[in-house]
Amino acid sequence: MRRILIIAVVAATVATSCSYQTKNFDQLFAGFTEDTLQTAQTSRVWDRNGKLITELRGEQNRTDVAIQDIPKLLQHAVVAIEDERFYEHSGVDFKAILRAARSNVSAGGIAQGGSTITQQYVGNVFLDRSDQTGSRKIEEIFMARRFEQRYSKDFILGKYLNWVYFGNGAYGVEAAAREYFGPPSCDRATTIDQPDDRKCLKVSELTLDQAALIAGLIQAPSSFNPYRNYNAALKRRNLVLGRMLANNYISQEEHDQAVARPIELVKDVPLLQQRYPAAYFVEDVKQWFLGNPAFGPTREARTKLLFEGGLDIHTTVDLDLQASAEATVESILPDNGTNPDAAAVVLGTTPADDGQVLAMVGGRDFFGDSPEAKFNLATGSGRQAGSSMKPIGLATALEMGIPITRVYPAPMRIEIDEPSICGPVWKVRGGLRPPPVDPATVTPDTPEVIPQATLVRATRSSLNVVFAQLMVDITPKRFVNMAERLGIGKGRLKPFCGAILGTENVNMLEMATVFSTFARGGVRVDPIMVTKITNRDGTVLYQAVPNPVRVLSRTVDNQLTWALTNVINFGTGTRAKIDRPAAGKTGTAQNNADAAFIGFTPQRTTAVWVGFPEGQVPMRNLFKGGPVQGGTFPALIWKGIMQAAEKGLPVQDFPAPPPSSTTTTLPPLPDSVEVPNLIGRTVDDALKSELDAASLILAQANIETNEFAPGTIVNQAPAPGDLAPGGATVTVEIAVLPPEPATETVPDVIGLTEAAAKQALAGLTFAVDTVYETDPAASNTPPAPGVVWSVTPAAGQITPTNSIVTIKVNPSP
């Protein structure tokens, strides 16, 4: 039988050589270098400090490494078990072929292959893998011999070790090392409970027993899968170690020690269950890449490049700050089943990180099971930002020359009858209560006292009635133009008066862009998520280049910033106060269904939104028994994130505010004062005298709650016992009873456009739920798209303010 086999092989080889001696293998291999016939490579996403966030891969998880970076013990393990005469033959091992032939005859089928490492590589890379005929095998033999004439053993072995499949989706030794063994050299920070730590180890760190296990997988990755067939994998590993000993690659002692070790693997996490930090941010980076024609003519081409191109994507996110931002949200809004969710964006505004997205909280858990889990609340279609849109109107006014000290009437409610600007009569609530009047002094001739407020006061106290009048002066068209110049997406806002009160949807990335423009002194820089992308060969595919554009003059921006510092120091945003100058604005949507706080220092800008992802769910009684507003949870989250974002940065002041009209000489102030405990007390003359004596200034803010007696101080900042500089402000929160629910008459909005209807309802502090549905009564005639045809509660019905009014609108075709 042996003689028959030898004669058959030699005869086949000689016969086939006549057919293949003229085949131009030189032409087939021409130009084949390290850079040609590239395999699919896994791309990697890095944070700004060089920490690996995650890997992006297609069907093949592969990262090529140079042969010199693959340890000799792994090279020897593979050679010993797959092709022990690799360094002796010229591409074909006839002894192995005869041994395989004998085995196959005995088995009555194909039991052994006998192919060398070179044959395995060229046969799979250059030939049809599905062809199992004898002629294909002979062609493989000749290709292997010619391949070895052209290339060195190290070159061939390196190509093979980066190409071959090791099971569990791992192609190549680098992916296999991380897939099965993970740590120790983990250069990545995680913020999740079950990090995918397999992405940390490098092939160069493998131990002898680990290298032997990987080498043993090549013959049958599924059969020897250590996760599913531990005993078979252990037996195969020890066989590899035995072959390494027989070929003098290791000593008897090394062999015995490696055999005695159990197989220790990282947890097997399926691809779709693998978790990684900053997931919402990474998803936005992927979508940015896939939508950018600069990376390929079609989305299909861009997808292939992203997941198989071996790219290194260097992003702007700071994983440490990201972890702090997520922890802040969780500490203030624990996931207890009743709390709302939150979104946040942090932008850098220093020369080193200008416009860069440093952190992004898009929701509570990207990998969660809820239908809204993967929807990015920070960058998606957006929600109402409420009064945080008012600074856009203030910027428009200042640019037009309207002074920041202009005085407007500020009653509790007004009606604006400017049909050419705002459409039908616009009813707006939200002003100042008139000063108390002694009834004994009132006569029929006593004039009504109407409160008034400057734009500074209106900004600080977020007075809707003043900004509604301001919108008439600046016009909706100018407002929308300014919003787009500052960073709101084009076409996002409709030119209706209600936009200044935040009735239109915007997202937190847009709002952070707007306020970062204020932080730079009026210069806009569009957000940057990726600083650089390099190809697998290290060449630069993309380099971010900021494009600063001046939007506001320095003078206008200084006045605006000064007004916004008052919001934090004395107004609706006192809970956001941090240990350095800061400016910002609260925002609360109708019915308390959305709440936001957006603010900045000279170095960082952060935008925070709080609400329920599934829709505009009222957030009543969720904050200390009162409603959620921009100055509650959002301000507290903003404070926590900004404290982490500013860590290590020097304190910087804003430009000087507008000069005062008077000059006052003040007595010298002490360097520091211990802040007294005011909680539980009431604001009376004794308390005021105590603060005066300590050179401290009192600022008061009301909080609506039923938990404390009216007039009781329930919170203070700075905290009791803190040291504060002389002349510092101590802000106290004073309990007041929630007002009796106000009511309004639902206006008739049928026949109006969607935007006009929202404006009319928002002015009366109704929340609006829009349903896009065709008017069934218009079945015989085409319905007008975008027009309201139903309102619930019905027009004319007396309804509590902040209630939800549902409008039905004919959808656009």
# chains A, B, ... in the order shown; residues from 1 in each chain; ligands from 1
call {"tool": "residues_around", "arguments": {"residues": "Pro403 in chain A", "least_positions_apart": "6", "cutoff": "12 Å", "atoms": "only C-alpha atoms", "output": "ChimeraX atom specification"}}
result
/A:394-397,454-456,470,555-556,559-560,658
call {"tool": "write_last_selection", "arguments": {"atoms": "N, CA, C and O atoms", "output": "tab-separated table (two decimals), in the first residue's frame"}}
result
chain	number	residue	atom	x	y	z
A	394	LEU	N	-32.06	87.79	24.21
A	394	LEU	CA	-31.31	88.89	24.80
A	394	LEU	C	-30.12	89.27	23.93
A	394	LEU	O	-29.82	90.45	23.73
A	395	ALA	N	-29.43	88.26	23.37
A	395	ALA	CA	-28.31	88.54	22.46
A	395	ALA	C	-28.78	89.31	21.24
A	395	ALA	O	-28.12	90.24	20.77
A	396	THR	N	-29.94	88.92	20.71
A	396	THR	CA	-30.49	89.62	19.54
A	396	THR	C	-30.77	91.07	19.87
A	396	THR	O	-30.44	91.99	19.10
A	397	ALA	N	-31.37	91.31	21.03
A	397	ALA	CA	-31.71	92.68	21.45
A	397	ALA	C	-30.46	93.53	21.63
A	397	ALA	O	-30.40	94.68	21.16
A	454	THR	N	-36.19	95.51	34.44
A	454	THR	CA	-35.20	95.66	33.37
A	454	THR	C	-34.94	94.29	32.75
A	454	THR	O	-35.34	93.25	33.29
A	455	LEU	N	-34.25	94.29	31.62
A	455	LEU	CA	-33.88	93.01	31.00
A	455	LEU	C	-32.95	92.21	31.91
A	455	LEU	O	-32.96	90.97	31.89
A	456	VAL	N	-32.16	92.90	32.72
A	456	VAL	CA	-31.28	92.21	33.66
A	456	VAL	C	-32.13	91.44	34.68
A	456	VAL	O	-31.91	90.25	34.94
A	470	LEU	N	-40.20	91.55	24.52
A	470	LEU	CA	-38.93	91.69	23.82
A	470	LEU	C	-39.00	91.02	22.45
A	470	LEU	O	-38.44	91.54	21.47
A	555	THR	N	-18.32	93.38	23.29
A	555	THR	CA	-19.12	94.23	24.17
A	555	THR	C	-20.48	93.61	24.45
A	555	THR	O	-20.94	93.54	25.60
A	556	VAL	N	-21.16	93.15	23.40
A	556	VAL	CA	-22.46	92.51	23.57
A	556	VAL	C	-22.33	91.26	24.43
A	556	VAL	O	-23.13	91.02	25.35
A	559	GLN	N	-21.90	91.95	28.22
A	559	GLN	CA	-23.14	92.33	28.90
A	559	GLN	C	-24.03	91.11	29.12
A	559	GLN	O	-24.62	90.93	30.19
A	560	LEU	N	-24.12	90.26	28.10
A	560	LEU	CA	-24.94	89.07	28.19
A	560	LEU	C	-24.42	88.14	29.29
A	560	LEU	O	-25.18	87.63	30.12
A	658	PRO	N	-20.66	95.72	33.12
A	658	PRO	CA	-20.82	97.14	32.81
A	658	PRO	C	-20.61	97.99	34.05
A	658	PRO	O	-21.00	97.61	35.16
call {"tool": "select_by_dssp", "arguments": {"residues": "range 269-355 of chain A", "states": "helix (DSSP H, G or I)", "output": "count of residues only"}}
result
42
call {"tool": "select_by_dssp", "arguments": {"residues": "range 179-377 of chain A", "states": "strand (DSSP E or B)", "output": "list of chain:residue names"}}
result
A:Gly309, A:Asp312, A:Ile313, A:His314, A:Thr315, A:Asp341, A:Ala342, A:Ala343, A:Ala344, A:Val345, A:Val346, A:Leu347, A:Gly348, A:Gln356, A:Val357, A:Leu358, A:Ala359, A:Met360, A:Val361
call {"tool": "write_last_selection", "arguments": {"atoms": "N, CA, C and O atoms", "output": "mmCIF file, in the first residue's frame"}}
result
data_model
loop_
_atom_site.group_PDB
_atom_site.id
_atom_site.type_symbol
_atom_site.label_atom_id
_atom_site.label_comp_id
_atom_site.auth_asym_id
_atom_site.auth_seq_id
_atom_site.Cartn_x
_atom_site.Cartn_y
_atom_site.Cartn_z
ATOM 1 N N GLY A 309 -11.598 48.357 8.318
ATOM 2 C CA GLY A 309 -10.449 49.104 7.816
ATOM 3 C C GLY A 309 -9.281 49.222 8.759
ATOM 4 O O GLY A 309 -8.250 49.798 8.398
ATOM 5 N N ASP A 312 -7.727 53.725 13.513
ATOM 6 C CA ASP A 312 -7.594 54.206 14.886
ATOM 7 C C ASP A 312 -8.305 55.551 14.952
ATOM 8 O O ASP A 312 -7.880 56.526 14.323
ATOM 9 N N ILE A 313 -9.410 55.587 15.708
ATOM 10 C CA ILE A 313 -10.259 56.767 15.778
ATOM 11 C C ILE A 313 -10.013 57.443 17.119
ATOM 12 O O ILE A 313 -10.384 56.917 18.181
ATOM 13 N N HIS A 314 -9.379 58.590 17.076
ATOM 14 C CA HIS A 314 -9.029 59.323 18.294
ATOM 15 C C HIS A 314 -10.114 60.359 18.570
ATOM 16 O O HIS A 314 -10.316 61.296 17.794
ATOM 17 N N THR A 315 -10.819 60.177 19.670
ATOM 18 C CA THR A 315 -11.964 61.019 19.976
ATOM 19 C C THR A 315 -11.623 62.050 21.042
ATOM 20 O O THR A 315 -10.530 62.049 21.609
ATOM 21 N N ASP A 341 -35.131 60.727 33.761
ATOM 22 C CA ASP A 341 -33.799 60.488 33.217
ATOM 23 C C ASP A 341 -33.111 61.823 32.995
ATOM 24 O O ASP A 341 -33.703 62.890 33.208
ATOM 25 N N ALA A 342 -31.879 61.787 32.556
ATOM 26 C CA ALA A 342 -31.134 63.021 32.322
ATOM 27 C C ALA A 342 -30.203 62.854 31.135
ATOM 28 O O ALA A 342 -29.808 61.741 30.780
ATOM 29 N N ALA A 343 -29.853 63.969 30.517
ATOM 30 C CA ALA A 343 -28.861 64.014 29.446
ATOM 31 C C ALA A 343 -27.943 65.190 29.712
ATOM 32 O O ALA A 343 -28.360 66.195 30.301
ATOM 33 N N ALA A 344 -26.701 65.066 29.284
ATOM 34 C CA ALA A 344 -25.742 66.151 29.518
ATOM 35 C C ALA A 344 -24.656 66.125 28.453
ATOM 36 O O ALA A 344 -24.290 65.060 27.943
ATOM 37 N N VAL A 345 -24.136 67.313 28.143
ATOM 38 C CA VAL A 345 -23.012 67.472 27.216
ATOM 39 C C VAL A 345 -22.039 68.462 27.830
ATOM 40 O O VAL A 345 -22.448 69.514 28.342
ATOM 41 N N VAL A 346 -20.745 68.119 27.787
ATOM 42 C CA VAL A 346 -19.699 69.025 28.263
ATOM 43 C C VAL A 346 -18.803 69.382 27.082
ATOM 44 O O VAL A 346 -18.285 68.492 26.408
ATOM 45 N N LEU A 347 -18.627 70.678 26.831
ATOM 46 C CA LEU A 347 -17.745 71.168 25.771
ATOM 47 C C LEU A 347 -16.565 71.915 26.377
ATOM 48 O O LEU A 347 -16.717 72.634 27.367
ATOM 49 N N GLY A 348 -15.399 71.745 25.760
ATOM 50 C CA GLY A 348 -14.237 72.524 26.151
ATOM 51 C C GLY A 348 -14.223 73.864 25.435
ATOM 52 O O GLY A 348 -14.657 73.966 24.284
ATOM 53 N N GLN A 356 -14.439 70.810 21.698
ATOM 54 C CA GLN A 356 -14.405 69.351 21.809
ATOM 55 C C GLN A 356 -15.409 68.859 22.842
ATOM 56 O O GLN A 356 -15.554 69.419 23.924
ATOM 57 N N VAL A 357 -16.111 67.766 22.477
ATOM 58 C CA VAL A 357 -17.078 67.141 23.381
ATOM 59 C C VAL A 357 -16.292 66.293 24.379
ATOM 60 O O VAL A 357 -15.741 65.256 24.025
ATOM 61 N N LEU A 358 -16.250 66.738 25.632
ATOM 62 C CA LEU A 358 -15.458 66.067 26.656
ATOM 63 C C LEU A 358 -16.238 64.973 27.370
ATOM 64 O O LEU A 358 -15.647 64.036 27.910
ATOM 65 N N ALA A 359 -17.551 65.094 27.406
ATOM 66 C CA ALA A 359 -18.393 64.072 28.018
ATOM 67 C C ALA A 359 -19.787 64.184 27.431
ATOM 68 O O ALA A 359 -20.216 65.276 27.034
ATOM 69 N N MET A 360 -20.482 63.061 27.387
ATOM 70 C CA MET A 360 -21.845 63.049 26.851
ATOM 71 C C MET A 360 -22.644 61.959 27.560
ATOM 72 O O MET A 360 -22.317 60.775 27.460
ATOM 73 N N VAL A 361 -23.656 62.363 28.293
ATOM 74 C CA VAL A 361 -24.576 61.428 28.915
ATOM 75 C C VAL A 361 -25.850 61.450 28.079
ATOM 76 O O VAL A 361 -26.582 62.436 28.088
#
call {"tool": "residues_around", "arguments": {"residues": "Pro776 in chain A", "least_positions_apart": "6", "cutoff": "10 Å", "atoms": "only C-alpha atoms", "output": "list in words"}}
result
Pro783, Trp789 and Asn810 of chain A
call {"tool": "write_last_selection", "arguments": {"atoms": "all heavy atoms", "output": "compact mmCIF listing (two decimals), in the first residue's frame"}}
result
# COMPACT_ATOMS: atom_id res chain seq x y z
N PRO A 783 -56.90 67.46 2.96
CA PRO A 783 -56.75 68.30 4.14
C PRO A 783 -55.49 69.16 4.04
O PRO A 783 -54.50 68.76 3.44
CB PRO A 783 -56.63 67.28 5.28
CG PRO A 783 -56.07 66.06 4.63
CD PRO A 783 -56.63 66.04 3.24
N TRP A 789 -56.83 70.45 13.54
CA TRP A 789 -58.25 70.21 13.30
C TRP A 789 -58.99 69.71 14.53
O TRP A 789 -60.21 69.55 14.53
CB TRP A 789 -58.46 69.23 12.14
CG TRP A 789 -57.85 67.87 12.32
CD1 TRP A 789 -56.59 67.49 11.97
CD2 TRP A 789 -58.45 66.73 12.91
NE1 TRP A 789 -56.35 66.19 12.30
CE2 TRP A 789 -57.49 65.68 12.87
CE3 TRP A 789 -59.70 66.45 13.47
CZ2 TRP A 789 -57.74 64.40 13.37
CZ3 TRP A 789 -59.96 65.18 13.96
CH2 TRP A 789 -58.99 64.17 13.90
N ASN A 810 -53.04 67.70 10.78
CA ASN A 810 -52.93 66.96 9.53
C ASN A 810 -51.46 66.76 9.18
O ASN A 810 -50.70 67.74 9.12
CB ASN A 810 -53.62 67.72 8.40
CG ASN A 810 -55.13 67.69 8.52
OD1 ASN A 810 -55.72 66.67 8.84
ND2 ASN A 810 -55.77 68.84 8.26
call {"tool": "residues_around", "arguments": {"residues": "Leu73 in chain A", "least_positions_apart": "2", "cutoff": "8 Å", "atoms": "only C-alpha atoms", "output": "PyMOL selection string"}}
result
chain A and resi 71+75-77+208+211+249
call {"tool": "write_last_selection", "arguments": {"atoms": "all heavy atoms", "output": "tab-separated table (two decimals), in the first residue's frame"}}
result
chain	number	residue	atom	x	y	z
A	71	PRO	N	5.41	36.67	20.18
A	71	PRO	CA	6.46	35.99	20.95
A	71	PRO	C	6.89	34.68	20.30
A	71	PRO	O	6.09	33.98	19.69
A	71	PRO	CB	5.81	35.76	22.32
A	71	PRO	CG	4.34	35.83	22.07
A	71	PRO	CD	4.16	36.80	20.95
A	75	GLN	N	5.06	31.42	18.20
A	75	GLN	CA	5.49	30.99	16.88
A	75	GLN	C	5.89	29.50	16.91
A	75	GLN	O	5.50	28.71	16.03
A	75	GLN	CB	6.68	31.82	16.41
A	75	GLN	CG	6.37	33.31	16.21
A	75	GLN	CD	7.58	34.08	15.70
A	75	GLN	OE1	8.32	33.59	14.85
A	75	GLN	NE2	7.77	35.28	16.22
A	76	HIS	N	6.66	29.13	17.93
A	76	HIS	CA	7.12	27.75	18.03
A	76	HIS	C	5.96	26.80	18.29
A	76	HIS	O	5.96	25.66	17.78
A	76	HIS	CB	8.16	27.63	19.15
A	76	HIS	CG	9.43	28.37	18.86
A	76	HIS	ND1	10.32	28.76	19.84
A	76	HIS	CD2	9.95	28.78	17.67
A	76	HIS	CE1	11.34	29.40	19.27
A	76	HIS	NE2	11.14	29.42	17.95
A	77	ALA	N	4.98	27.24	19.10
A	77	ALA	CA	3.84	26.38	19.39
A	77	ALA	C	3.06	26.07	18.11
A	77	ALA	O	2.66	24.91	17.88
A	77	ALA	CB	2.94	27.05	20.42
A	208	LEU	N	3.36	30.54	28.31
A	208	LEU	CA	3.57	29.34	27.51
A	208	LEU	C	2.29	28.52	27.39
A	208	LEU	O	1.92	28.09	26.29
A	208	LEU	CB	4.68	28.49	28.13
A	208	LEU	CG	4.92	27.11	27.49
A	208	LEU	CD1	5.27	27.25	26.03
A	208	LEU	CD2	6.02	26.36	28.26
A	211	ALA	N	-0.15	30.26	25.07
A	211	ALA	CA	0.27	30.16	23.67
A	211	ALA	C	-0.05	28.78	23.11
A	211	ALA	O	-0.50	28.63	21.96
A	211	ALA	CB	1.76	30.46	23.55
A	249	TYR	N	11.78	23.03	21.65
A	249	TYR	CA	11.43	24.44	21.82
A	249	TYR	C	11.33	24.81	23.29
A	249	TYR	O	11.45	25.99	23.65
A	249	TYR	CB	10.10	24.75	21.12
A	249	TYR	CG	10.20	24.77	19.62
A	249	TYR	CD1	9.25	24.10	18.84
A	249	TYR	CD2	11.20	25.47	18.96
A	249	TYR	CE1	9.32	24.13	17.45
A	249	TYR	CE2	11.29	25.49	17.58
A	249	TYR	CZ	10.34	24.82	16.83
A	249	TYR	OH	10.41	24.85	15.45
